[in-house]
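Quick look at my_file_19.txt (compact mmCIF, C-alpha atoms):
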# COMPACT_ATOMS: atom_id res chain seq x y z
CA MET A 1033 6.27 16.18 24.95
CA ALA A 1034 5.25 15.27 28.48
CA GLY A 1035 1.83 13.85 29.32
CA LYS A 1036 -0.41 11.24 27.74
CA VAL A 1037 -2.75 11.67 24.83
CA LYS A 1038 -6.35 12.21 25.99
CA TRP A 1039 -8.81 10.60 23.61
CA VAL A 1040 -12.53 10.72 22.92
CA THR A 1041 -14.69 8.77 20.48
CA ASP A 1042 -18.39 8.61 19.73
CA ILE A 1043 -17.89 5.36 17.81
CA GLU A 1044 -17.82 2.50 20.31
CA LYS A 1045 -15.79 -0.04 18.34
CA SER A 1046 -13.27 -2.37 19.96
CA VAL A 1047 -10.77 -1.97 17.09
CA LEU A 1048 -10.56 1.74 18.02
CA ILE A 1049 -10.65 1.51 21.80
CA ASN A 1050 -8.12 -1.38 21.97
CA ASN A 1051 -5.68 0.70 19.90
CA PHE A 1052 -6.06 3.74 22.16
CA GLU A 1053 -5.63 1.67 25.33
CA LYS A 1054 -2.61 -0.20 23.93
CA ARG A 1055 -0.84 3.15 23.62
CA GLY A 1056 -1.58 4.03 27.25
CA TRP A 1057 -3.77 6.93 26.15
CA VAL A 1058 -6.31 8.30 28.62
CA GLN A 1059 -10.05 8.37 27.90
CA VAL A 1060 -11.87 11.63 28.66
CA THR A 1061 -15.28 13.06 27.75
CA GLU A 1062 -15.82 15.52 24.92
CA ASN A 1063 -16.45 18.30 27.49
CA GLU A 1064 -12.97 17.84 28.96
CA ASP A 1065 -9.64 18.78 27.36
CA TRP A 1066 -8.86 16.20 24.69
CA ASN A 1067 -6.06 15.72 22.16
CA PHE A 1068 -7.51 13.13 19.82
CA TYR A 1069 -11.16 12.70 18.82
CA TRP A 1070 -12.19 9.86 16.49
CA MET A 1071 -15.64 11.04 15.56
CA SER A 1072 -18.60 10.29 13.35
CA VAL A 1073 -19.37 12.48 10.34
CA GLN A 1074 -22.37 13.90 12.23
CA THR A 1075 -20.13 15.12 15.06
CA ILE A 1076 -17.57 16.70 12.72
CA ARG A 1077 -20.35 18.95 11.38
CA ASN A 1078 -20.87 20.34 14.87
CA VAL A 1079 -17.15 20.76 15.61
CA PHE A 1080 -16.63 22.89 12.51
CA SER A 1081 -20.05 24.54 12.32
CA VAL A 1082 -20.18 28.34 12.50
CA GLU A 1083 -22.91 28.28 15.17
CA THR A 1084 -21.86 25.39 17.43
CA GLY A 1085 -18.21 24.89 16.51
CA TYR A 1086 -15.20 25.84 18.57
CA ARG A 1087 -11.60 26.71 17.88
CA LEU A 1088 -9.26 23.72 18.01
CA SER A 1089 -5.87 24.21 19.65
CA ASP A 1090 -2.54 23.02 18.23
CA ASP A 1091 -2.56 19.86 20.35
CA GLN A 1092 -5.94 18.62 19.04
CA ILE A 1093 -6.57 16.48 15.97
CA VAL A 1094 -9.67 14.87 14.47
CA ASN A 1095 -10.24 12.13 11.89
CA HIS A 1096 -12.26 14.04 9.24
CA PHE A 1097 -11.72 17.11 7.10
CA PRO A 1098 -14.50 19.69 7.67
CA ASN A 1099 -16.02 19.33 4.18
CA HIS A 1100 -15.02 15.73 3.44
CA TYR A 1101 -18.42 15.40 1.74
CA GLU A 1102 -16.93 17.04 -1.37
CA LEU A 1103 -15.44 13.58 -1.95
CA THR A 1104 -17.75 11.30 0.02
CA ARG A 1105 -21.19 12.48 -1.10
CA LYS A 1106 -21.96 10.68 -4.34
CA ASP A 1107 -23.29 13.77 -6.15
CA LEU A 1108 -20.47 16.10 -5.04
CA MET A 1109 -17.74 13.60 -5.93
CA VAL A 1110 -19.04 13.38 -9.50
CA LYS A 1111 -19.50 17.15 -9.72
CA ASN A 1112 -15.91 17.76 -8.57
CA ILE A 1113 -14.47 15.18 -10.97
CA LYS A 1114 -16.42 16.73 -13.88
CA ARG A 1115 -15.11 20.19 -12.91
CA TYR A 1116 -11.54 18.85 -12.64
CA ARG A 1117 -11.73 17.36 -16.15
CA LYS A 1118 -13.03 20.64 -17.59
CA GLU A 1119 -10.26 22.63 -15.88
CA LEU A 1120 -7.57 20.31 -17.26
CA GLU A 1121 -9.17 20.57 -20.70
CA LYS A 1122 -9.19 24.36 -20.48
CA GLU A 1123 -5.50 24.36 -19.55
CA GLY A 1124 -4.80 22.19 -22.58
CA SER A 1125 -3.47 19.42 -20.31
CA PRO A 1126 -2.62 16.18 -22.15
CA LEU A 1127 -4.33 14.34 -19.28
CA ALA A 1128 -7.69 15.62 -20.61
CA GLU A 1129 -7.17 14.18 -24.11
CA LYS A 1130 -10.26 12.66 -25.75
CA ASP A 1131 -10.79 10.00 -28.42
CA GLU A 1132 -12.69 10.51 -31.69
CA ASN A 1133 -16.01 9.85 -29.88
CA GLY A 1134 -15.34 12.59 -27.33
CA LYS A 1135 -14.49 10.18 -24.50
CA TYR A 1136 -11.67 10.97 -22.11
CA LEU A 1137 -8.69 8.68 -22.74
CA TYR A 1138 -7.37 8.87 -19.18
CA LEU A 1139 -10.06 10.48 -17.04
CA ASP A 1140 -13.01 8.22 -17.90
CA PHE A 1141 -13.11 6.36 -14.59
CA VAL A 1142 -16.57 7.22 -13.18
CA PRO A 1143 -19.69 5.74 -14.82
CA VAL A 1144 -21.90 8.29 -16.65
CA THR A 1145 -23.85 9.93 -13.82
CA TYR A 1146 -26.61 12.52 -13.40
CA MET A 1147 -28.16 14.20 -10.35
CA LEU A 1148 -31.90 13.79 -9.87
CA PRO A 1149 -34.08 15.70 -9.90
CA ALA A 1150 -31.77 18.49 -11.20
CA ASP A 1151 -30.43 16.70 -14.32
CA TYR A 1152 -33.61 14.82 -15.22
CA ASN A 1153 -33.86 16.18 -18.79
CA LEU A 1154 -30.17 15.48 -19.49
CA PHE A 1155 -30.63 11.96 -18.17
CA VAL A 1156 -33.66 11.33 -20.40
CA GLU A 1157 -31.68 12.49 -23.42
CA GLU A 1158 -28.85 10.07 -22.57
CA PHE A 1159 -31.27 7.22 -21.76
CA ARG A 1160 -32.92 7.52 -25.18
CA LYS A 1161 -29.56 7.09 -26.91
CA SER A 1162 -29.36 3.53 -25.55
CA PRO A 1163 -32.82 2.53 -24.30
CA SER A 1164 -31.75 -1.04 -23.51
CA SER A 1165 -29.25 0.08 -20.85
CA THR A 1166 -29.66 -0.43 -17.11
CA TRP A 1167 -29.16 2.40 -14.60
CA ILE A 1168 -28.63 2.37 -10.85
CA MET A 1169 -30.30 4.92 -8.54
CA LYS A 1170 -28.66 5.84 -5.22
CA PRO A 1171 -29.62 8.40 -2.58
CA CYS A 1172 -26.76 10.90 -2.25
CA GLY A 1173 -26.38 10.84 1.49
CA LYS A 1174 -26.90 7.19 2.45
CA ALA A 1175 -24.57 4.20 2.85
CA GLN A 1176 -24.62 0.40 3.20
CA GLY A 1177 -26.78 -0.08 0.12
CA LYS A 1178 -29.80 1.73 1.61
CA GLY A 1179 -32.33 3.11 -0.88
CA ILE A 1180 -30.57 1.72 -3.98
CA PHE A 1181 -32.49 0.26 -6.91
CA LEU A 1182 -31.96 -0.54 -10.60
CA ILE A 1183 -34.10 0.66 -13.52
CA ASN A 1184 -34.26 -0.01 -17.24
CA LYS A 1185 -37.39 1.97 -18.19
CA LEU A 1186 -38.19 5.69 -17.92
CA SER A 1187 -41.60 4.78 -16.48
CA GLN A 1188 -39.80 3.42 -13.38
CA ILE A 1189 -38.29 6.86 -12.72
CA LYS A 1190 -41.68 8.49 -13.07
CA LYS A 1191 -43.12 5.98 -10.61
CA TRP A 1192 -40.26 6.71 -8.18
CA SER A 1193 -41.00 10.42 -8.52
CA ARG A 1194 -44.69 9.87 -7.72
CA ASP A 1195 -43.93 7.52 -4.85
CA SER A 1196 -41.69 10.13 -3.27
CA LYS A 1197 -44.66 12.49 -3.24
CA THR A 1198 -43.41 14.90 -5.86
CA SER A 1199 -45.60 15.77 -8.79
CA SER A 1200 -42.78 17.17 -10.92
CA PHE A 1201 -39.00 17.19 -11.07
CA VAL A 1202 -38.92 20.94 -10.55
CA THR A 1203 -39.67 21.02 -6.83
CA GLN A 1204 -36.16 20.00 -5.93
CA SER A 1205 -35.99 21.25 -2.37
CA THR A 1206 -38.74 18.95 -1.13
CA LYS A 1207 -37.14 15.83 -2.52
CA GLU A 1208 -34.17 13.73 -1.48
CA ALA A 1209 -31.35 14.07 -4.02
CA TYR A 1210 -30.35 10.94 -5.91
CA VAL A 1211 -27.64 10.11 -8.37
CA ILE A 1212 -28.41 7.88 -11.32
CA SER A 1213 -25.45 6.14 -12.95
CA LEU A 1214 -25.06 3.87 -15.92
CA TYR A 1215 -24.94 0.39 -14.39
CA ILE A 1216 -21.79 -1.59 -15.16
CA ASN A 1217 -23.54 -4.66 -16.50
CA ASN A 1218 -20.34 -6.44 -17.56
CA PRO A 1219 -18.55 -6.79 -14.21
CA LEU A 1220 -15.58 -9.12 -13.90
CA LEU A 1221 -16.96 -12.29 -12.32
CA ILE A 1222 -15.15 -14.83 -10.17
CA GLY A 1223 -16.99 -18.10 -9.66
CA GLY A 1224 -19.88 -16.48 -11.51
CA ARG A 1225 -20.28 -13.83 -8.82
CA LYS A 1226 -19.96 -10.06 -8.91
CA PHE A 1227 -17.57 -8.38 -6.46
CA ASP A 1228 -16.10 -4.99 -5.68
CA LEU A 1229 -12.89 -3.81 -4.02
CA ARG A 1230 -12.78 -1.95 -0.73
CA LEU A 1231 -9.47 -0.09 -0.52
CA TYR A 1232 -8.34 2.15 2.34
CA VAL A 1233 -6.65 5.45 1.53
CA LEU A 1234 -5.26 7.80 4.18
CA VAL A 1235 -4.92 11.52 3.42
CA SER A 1236 -2.73 13.46 5.85
CA THR A 1237 -2.93 16.76 3.94
CA TYR A 1238 -4.61 18.02 0.75
CA ARG A 1239 -2.33 21.00 0.11
CA PRO A 1240 0.22 19.69 -0.60
CA LEU A 1241 -1.59 16.42 -1.36
CA ARG A 1242 -0.06 13.49 0.52
CA CYS A 1243 -1.88 10.17 0.56
CA TYR A 1244 -1.19 6.55 1.45
CA MET A 1245 -2.64 3.28 0.17
CA TYR A 1246 -3.30 0.44 2.63
CA LYS A 1247 -1.99 -2.82 1.19
CA LEU A 1248 -4.55 -5.05 2.91
CA GLY A 1249 -7.76 -4.16 1.08
CA PHE A 1250 -10.34 -6.81 0.23
CA CYS A 1251 -12.99 -7.90 -2.27
CA ARG A 1252 -16.66 -8.23 -1.26
CA PHE A 1253 -18.62 -10.87 -3.16
CA CYS A 1254 -22.33 -11.23 -3.84
CA THR A 1255 -23.89 -14.44 -2.49
CA VAL A 1256 -25.94 -15.13 -5.65
CA LYS A 1257 -24.47 -15.70 -9.13
CA TYR A 1258 -24.62 -12.71 -11.42
CA THR A 1259 -27.05 -12.39 -14.30
CA PRO A 1260 -27.71 -9.29 -16.41
CA SER A 1261 -31.28 -10.59 -16.91
CA THR A 1262 -33.87 -7.85 -16.43
CA SER A 1263 -35.99 -10.31 -14.43
CA GLU A 1264 -33.40 -10.12 -11.64
CA LEU A 1265 -33.08 -6.31 -11.48
CA ASP A 1266 -34.80 -6.27 -8.08
CA ASN A 1267 -32.56 -8.97 -6.58
CA MET A 1268 -29.98 -7.04 -4.56
CA PHE A 1269 -28.14 -10.27 -3.63
CA VAL A 1270 -27.12 -10.41 -7.32
CA HIS A 1271 -26.17 -6.74 -7.77
CA LEU A 1272 -25.02 -5.10 -4.51
CA THR A 1273 -21.83 -6.22 -2.77
CA ASN A 1274 -22.49 -4.36 0.53
CA VAL A 1275 -21.98 -6.70 3.51
CA ALA A 1276 -24.96 -5.00 5.21
CA ILE A 1277 -27.12 -6.54 2.45
CA GLN A 1278 -25.27 -9.80 1.65
CA LYS A 1279 -25.18 -10.99 5.28
CA HIS A 1280 -28.96 -11.53 5.07
CA GLY A 1281 -28.59 -13.86 2.06
CA GLU A 1282 -29.21 -17.60 2.46
CA ASP A 1283 -25.77 -18.44 1.07
CA TYR A 1284 -23.81 -15.95 3.17
CA ASN A 1285 -20.69 -17.57 4.66
CA HIS A 1286 -20.02 -16.43 8.24
CA ILE A 1287 -16.49 -17.84 8.24
CA HIS A 1288 -15.01 -15.78 5.40
CA GLY A 1289 -17.87 -13.26 5.16
CA GLY A 1290 -17.87 -13.38 1.36
CA LYS A 1291 -14.49 -11.61 1.37
CA TRP A 1292 -11.19 -12.20 -0.36
CA THR A 1293 -7.97 -10.29 0.24
CA VAL A 1294 -6.66 -8.03 -2.51
CA ASN A 1295 -3.52 -10.20 -2.54
CA ASN A 1296 -5.66 -13.26 -3.34
CA LEU A 1297 -7.35 -11.32 -6.13
CA ARG A 1298 -3.97 -10.33 -7.50
CA LEU A 1299 -2.70 -13.93 -7.45
CA TYR A 1300 -5.90 -15.15 -9.11
CA LEU A 1301 -5.67 -12.55 -11.89
CA GLU A 1302 -1.96 -13.16 -12.42
CA SER A 1303 -2.65 -16.86 -12.92
CA THR A 1304 -5.72 -16.37 -15.17
CA ARG A 1305 -4.87 -13.16 -17.05
CA GLY A 1306 -1.11 -12.81 -16.67
CA LYS A 1307 1.22 -10.69 -14.53
CA GLU A 1308 1.59 -7.74 -16.88
CA VAL A 1309 -2.14 -7.20 -17.39
CA THR A 1310 -2.72 -7.52 -13.62
CA GLY A 1311 0.07 -5.01 -12.89
CA LYS A 1312 -1.50 -2.57 -15.34
CA LEU A 1313 -4.92 -2.94 -13.67
CA PHE A 1314 -3.53 -2.10 -10.22
CA ASP A 1315 -1.58 0.83 -11.64
CA GLU A 1316 -4.84 2.16 -13.10
CA ILE A 1317 -6.61 1.74 -9.76
CA HIS A 1318 -3.91 3.83 -8.08
CA TRP A 1319 -4.15 6.39 -10.88
CA ILE A 1320 -7.91 6.94 -10.46
CA ILE A 1321 -7.66 7.23 -6.68
CA VAL A 1322 -4.99 9.95 -7.00
CA GLN A 1323 -7.00 11.77 -9.69
CA SER A 1324 -10.13 11.75 -7.51
CA LEU A 1325 -8.16 13.31 -4.64
CA LYS A 1326 -6.63 15.90 -6.96
CA ALA A 1327 -10.16 16.72 -8.16
CA VAL A 1328 -11.35 17.66 -4.65
CA ALA A 1329 -8.08 19.12 -3.26
CA PRO A 1330 -8.81 22.72 -4.40
CA VAL A 1331 -12.22 22.79 -2.67
CA MET A 1332 -11.27 20.81 0.45
CA ASN A 1333 -10.82 22.79 3.65
CA ASN A 1334 -7.28 21.63 4.38
CA ASP A 1335 -7.52 22.16 8.14
CA LYS A 1336 -4.22 21.39 9.89
CA HIS A 1337 -6.04 19.55 12.70
CA CYS A 1338 -7.40 16.90 10.32
CA PHE A 1339 -6.54 13.63 8.64
CA GLU A 1340 -8.92 11.13 7.04
CA CYS A 1341 -9.04 7.43 6.21
CA TYR A 1342 -11.38 6.81 3.26
CA GLY A 1343 -12.97 3.59 2.06
CA TYR A 1344 -12.76 3.51 -1.75
CA ASP A 1345 -15.17 1.24 -3.64
CA ILE A 1346 -13.92 0.09 -7.05
CA ILE A 1347 -15.57 -2.25 -9.56
CA ILE A 1348 -13.55 -4.00 -12.27
CA ASP A 1349 -15.32 -4.81 -15.54
CA ASP A 1350 -14.72 -7.88 -17.71
CA LYS A 1351 -12.23 -5.88 -19.84
CA LEU A 1352 -10.21 -5.30 -16.64
CA LYS A 1353 -11.06 -1.61 -16.56
CA PRO A 1354 -11.49 -0.27 -13.01
CA TRP A 1355 -14.36 2.12 -12.18
CA LEU A 1356 -14.62 4.38 -9.14
CA ILE A 1357 -18.06 3.84 -7.63
CA GLU A 1358 -17.91 5.86 -4.43
CA VAL A 1359 -15.78 6.95 -1.48
CA ASN A 1360 -16.80 6.47 2.15
CA ALA A 1361 -15.86 8.93 4.90
CA SER A 1362 -16.54 6.41 7.68
CA PRO A 1363 -15.66 2.97 6.32
CA SER A 1364 -17.18 0.30 8.53
CA LEU A 1365 -15.16 -0.72 11.59
CA THR A 1366 -17.58 -3.53 12.38
CA SER A 1367 -15.92 -6.93 12.06
CA SER A 1368 -17.87 -9.66 10.28
CA THR A 1369 -15.15 -12.35 10.70
CA ALA A 1370 -12.02 -13.00 12.77
CA ASN A 1371 -9.79 -11.99 9.84
CA ASP A 1372 -11.84 -8.83 9.43
CA ARG A 1373 -11.22 -7.89 13.06
CA ILE A 1374 -7.45 -8.35 12.68
CA LEU A 1375 -7.40 -6.33 9.44
CA LYS A 1376 -9.35 -3.42 10.93
CA TYR A 1377 -7.35 -3.42 14.16
CA ASN A 1378 -4.13 -3.19 12.12
CA LEU A 1379 -5.66 -0.54 9.85
CA ILE A 1380 -6.40 1.70 12.85
CA ASN A 1381 -2.99 0.93 14.39
CA ASP A 1382 -1.13 1.95 11.22
CA THR A 1383 -3.38 5.00 10.72
CA LEU A 1384 -2.64 6.24 14.25
CA ASN A 1385 1.11 5.71 13.77
CA ILE A 1386 1.01 8.14 10.83
CA ALA A 1387 -1.53 10.63 12.24
CA VAL A 1388 -0.13 10.77 15.79
CA PRO A 1389 3.68 10.39 15.54
CA ASN A 1390 5.17 8.25 18.34
CA GLY A 1391 1.77 8.20 20.06
CA GLU A 1392 2.66 11.50 21.73
CA ILE A 1393 0.50 14.57 22.29
CA PRO A 1394 -0.05 15.88 18.77
CA ASP A 1395 1.31 19.12 17.39
CA CYS A 1396 -0.72 19.95 14.30
CA LYS A 1397 2.07 22.19 12.99
CA TRP A 1398 4.32 19.23 12.15
CA ASN A 1399 5.08 18.65 8.45
CA LYS A 1400 2.89 15.50 8.20
CA SER A 1401 5.65 13.58 6.51
CA PRO A 1402 6.37 10.53 8.69
CA PRO A 1403 9.47 8.35 8.24
CA LYS A 1404 9.03 5.20 6.15
CA GLU A 1405 9.57 2.93 9.18
CA VAL A 1406 6.24 3.92 10.76
CA LEU A 1407 4.03 3.31 7.69
CA GLY A 1408 3.26 -0.33 8.57
CA ASN A 1409 0.96 -1.69 5.85
CA TYR A 1410 0.56 1.74 4.25
CA GLU A 1411 2.59 2.76 1.22
CA ILE A 1412 2.95 6.29 -0.08
CA LEU A 1413 0.53 6.62 -2.98
CA TYR A 1414 1.19 10.23 -3.97
CA ASP A 1415 3.30 13.03 -2.53
CA GLU A 1416 2.76 16.36 -4.25
CA GLU A 1417 5.97 17.87 -2.89
CA LEU A 1418 8.02 15.02 -4.37
CA ALA A 1419 6.07 15.21 -7.60
CA GLN A 1420 6.41 18.97 -8.03
CA GLY A 1421 8.27 19.87 -11.13
CA ASP A 1422 7.20 16.64 -12.82
CA GLY A 1423 4.22 18.41 -14.41
CA ALA A 1424 1.33 16.96 -16.38
CA ASP A 1425 3.56 15.84 -19.27
CA ARG A 1426 5.56 13.63 -17.00
CA GLU A 1427 2.43 12.34 -15.33
CA LEU A 1428 0.95 11.59 -18.72
CA ARG A 1429 4.09 9.73 -19.74
CA SER A 1430 3.74 7.66 -16.58
CA ARG A 1431 0.10 7.00 -17.47
CA GLN A 1432 0.97 6.08 -21.05
CA GLY A 1433 3.71 3.81 -19.83
CA GLN A 1434 1.06 1.95 -17.85
CA SER A 1435 -1.82 1.85 -20.28
CA LEU A 1436 -0.75 2.72 -23.80
CA GLY A 1437 2.66 1.13 -24.09
CA PRO A 1438 3.34 -2.61 -24.24
CA ARG A 1439 0.72 -4.47 -22.18
CA GLY A 1440 1.36 -3.57 -18.57
CA GLY A 1441 4.67 -1.86 -19.28
CA ARG A 1442 5.41 0.89 -16.78
CA SER A 1443 7.22 4.16 -17.07
CA ARG A 1444 10.04 4.59 -14.62
CA ASP A 1445 8.72 8.11 -13.99
CA SER A 1446 5.53 6.85 -12.40
CA GLY A 1447 7.15 5.61 -9.21
CA ARG A 1448 7.92 9.13 -8.05
CA THR A 1449 4.36 10.33 -8.16
CA VAL A 1450 2.11 7.29 -8.07
CA LEU A 1451 2.67 3.99 -6.35
CA THR A 1452 2.97 1.30 -9.00
CA THR A 1453 3.52 -1.87 -7.04
CA TRP A 1454 1.60 -3.77 -4.38
CA LYS A 1455 3.61 -6.64 -3.06
Can the structure in the file be given as structure tokens, please?
Amino acid sequence: MAGKVKWVTDIEKSVLINNFEKRGWVQVTENEDWNFYWMSVQTIRNVFSVETGYRLSDDQIVNHFPNHYELTRKDLMVKNIKRYRKELEKEGSPLAEKDENGKYLYLDFVPVTYMLPADYNLFVEEFRKSPSSTWIMKPCGKAQGKGIFLINKLSQIKKWSRDSKTSSFVTQSTKEAYVISLYINNPLLIGGRKFDLRLYVLVSTYRPLRCYMYKLGFCRFCTVKYTPSTSELDNMFVHLTNVAIQKHGEDYNHIHGGKWTVNNLRLYLESTRGKEVTGKLFDEIHWIIVQSLKAVAPVMNNDKHCFECYGYDIIIDDKLKPWLIEVNASPSLTSSTANDRILKYNLINDTLNIAVPNGEIPDCKWNKSPPKEVLGNYEILYDEELAQGDGADRELRSRQGQSLGPRGGRSRDSGRTVLTTWK
């Protein structure tokens, strides 16, 4: 196609702009004709809103799905995963199998979670079953650790309710929605510190589902050694891995930014826990990411003009079980270190190579199935068209090969539907 791609962004980050300029693309304003718009989640609302939105043409693409929040709002993600489990159960799918205590064998990858104020009574019932447990409260629509706190007494919830100027849990509309989740108080520690994984996942289409895993994810460490002691519940430097919080800690290291590459984590675990167990852990991480995307695929507006790069946050507990904590629609493109800048520049470069083939004016009618040579550091994580015909039984066999067979053994079936190696 003749002509150069005209780009717009409302996110002034050098890792974006340098990538656009490297391709010889031309910057325009949002009021001019544009082909590619890398936008904030606030802007996407306006683009697709009934009142203010406008019809996109075939040569225009954007970096969010219209209702991405079905996955990236904490409350909606949990709601969709719960619905997905119930649907699989109803169908009699072996993926929804439970143990004798009623726990899902394969789909138990999100901590027990309730919406507040809506589920307050259900939460109280659960809290009373194990009154010594710790819970974490998060506002549904905020990021970077804002508004998060830990509780271990019901009186603390009542105080929160009063402080937010609500006399009862019934008046829901006047109150910001929160999720409250069982806190994972046995995280895997390295050097005595808690950490989480930030993994990048690119979705080019939801129906059929096609997604890619970025190989260069990283771990984010807390600056203060972990303790489950209730006296430290208020110390966010112990509990929250968000860089936005940790960078204010006295022990924050500006050289490495409290980050480790996923490859370093893998090498560390292989040397301390063994290769097979480590392989099984990463297979399970891939499994839960794919299941979370399958959970939202039916409700996602699969607009042909859209792609999306998500930031997945995963915590590993001391039994090497991975837990999905949340998914970010706009993972930070701010660089805290030199290595960070290189990683994020390459992330955007590889994302653009998949989303905008050959850097040419886009045609949103293309089949969104790029050749392997352009994937860069991405690897195909799941391709529904390839997997069709495999069915739940085959998927279950792949899951059992990973988690129920010999430690870390893998089914040969799994490679067709879910990525099983990160090298």
Could you make a table, as JSON lines, of the residues of stretch 1349-1408 of chain A that have an atom within 9 Å of an atom of stretch 1305-1319 of chain A, each with its nearest atom pair and distance in Å to one decimal, counting only C-alpha atoms, in chain and number order?
{"residue": "A:Leu1352", "atom": "CA", "partner": "A:Leu1313", "partner_atom": "CA", "distance": 6.5}
{"residue": "A:Lys1353", "atom": "CA", "partner": "A:Leu1313", "partner_atom": "CA", "distance": 6.9}
{"residue": "A:Pro1354", "atom": "CA", "partner": "A:Ile1317", "partner_atom": "CA", "distance": 6.2}
{"residue": "A:Trp1355", "atom": "CA", "partner": "A:Ile1317", "partner_atom": "CA", "distance": 8.1}
{"residue": "A:Leu1356", "atom": "CA", "partner": "A:Ile1317", "partner_atom": "CA", "distance": 8.5}
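Each of A:Ala1387, A:Val1142, A:Val1060, A:Leu1375 was compared to A:Pro1403 using only C-alpha atoms, and A:Ala1387 turns out to be the nearest.
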Which residues of stretch 1065-1102 of chain A come within 8 Å of stretch 1042-1057 of chain A, and what is each one's closest atom pair and distance in Å (one decimal), counting only C-alpha atoms, sorted by chain and residue number, as a tab-separated table?
residue	atom	partner	partner_atom	distance
A:Trp1070	CA	A:Asp1042	CA	7.1
A:Met1071	CA	A:Asp1042	CA	5.6
A:Ser1072	CA	A:Asp1042	CA	6.6
* To do: Please identify all polymer residues within 10 Å of A:Pro1389, counting only C-alpha atoms, omitting same-chain residues fewer than 2 positions from it, and present them as number ranges by chain.
  => A: 1384-1387, 1391-1395, 1398, 1400-1403, 1406
* Asked: What does the distance from atom CA of A:Ile1412 to atom CA of A:Asn1381 come to in Å, to one decimal?
  -> 16.5 Å
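Shortest separation to A:Met1332 among A:Pro1240, A:Gly1224, A:Pro1171, A:Pro1149 occurs at residue A:Pro1240, atoms counted being all atoms listed in the file.
A straight line drawn from atom CA of A:Asn1133 to atom CA of A:Glu1121 is 15.7 Å long.
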Give me, as a PDB file with C-alpha atoms, in the coordinates of the input, all polymer residues having an atom no more than 7 Å from A:Val1359, counting only C-alpha atoms and skipping those fewer than 6 positions away in the same chain.
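The resulting around.pdb:
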ATOM      1  CA  LEU A1103     -15.440  13.580  -1.950  1.00  0.00           C
ATOM      2  CA  THR A1104     -17.750  11.300   0.020  1.00  0.00           C
ATOM      3  CA  TYR A1342     -11.380   6.810   3.260  1.00  0.00           C
ATOM      4  CA  GLY A1343     -12.970   3.590   2.060  1.00  0.00           C
ATOM      5  CA  TYR A1344     -12.760   3.510  -1.750  1.00  0.00           C
ATOM      6  CA  ASP A1345     -15.170   1.240  -3.640  1.00  0.00           C
TER       7      ASP A1345
END
* Rounded to one decimal in Å, what is the spacing between atom CA of A:Asn1067 and atom CA of A:Asn1360? ->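 Answer for the atom CA of A:Asn1067 to atom CA of A:Asn1360 separation: 24.5 Å.
Of the listed residues A:Thr1061, A:Val1156, A:Tyr1244, A:Lys1376, the one whose atoms come nearest to A:Ser1187 is A:Val1156, with distances taken using all atoms listed in the file.
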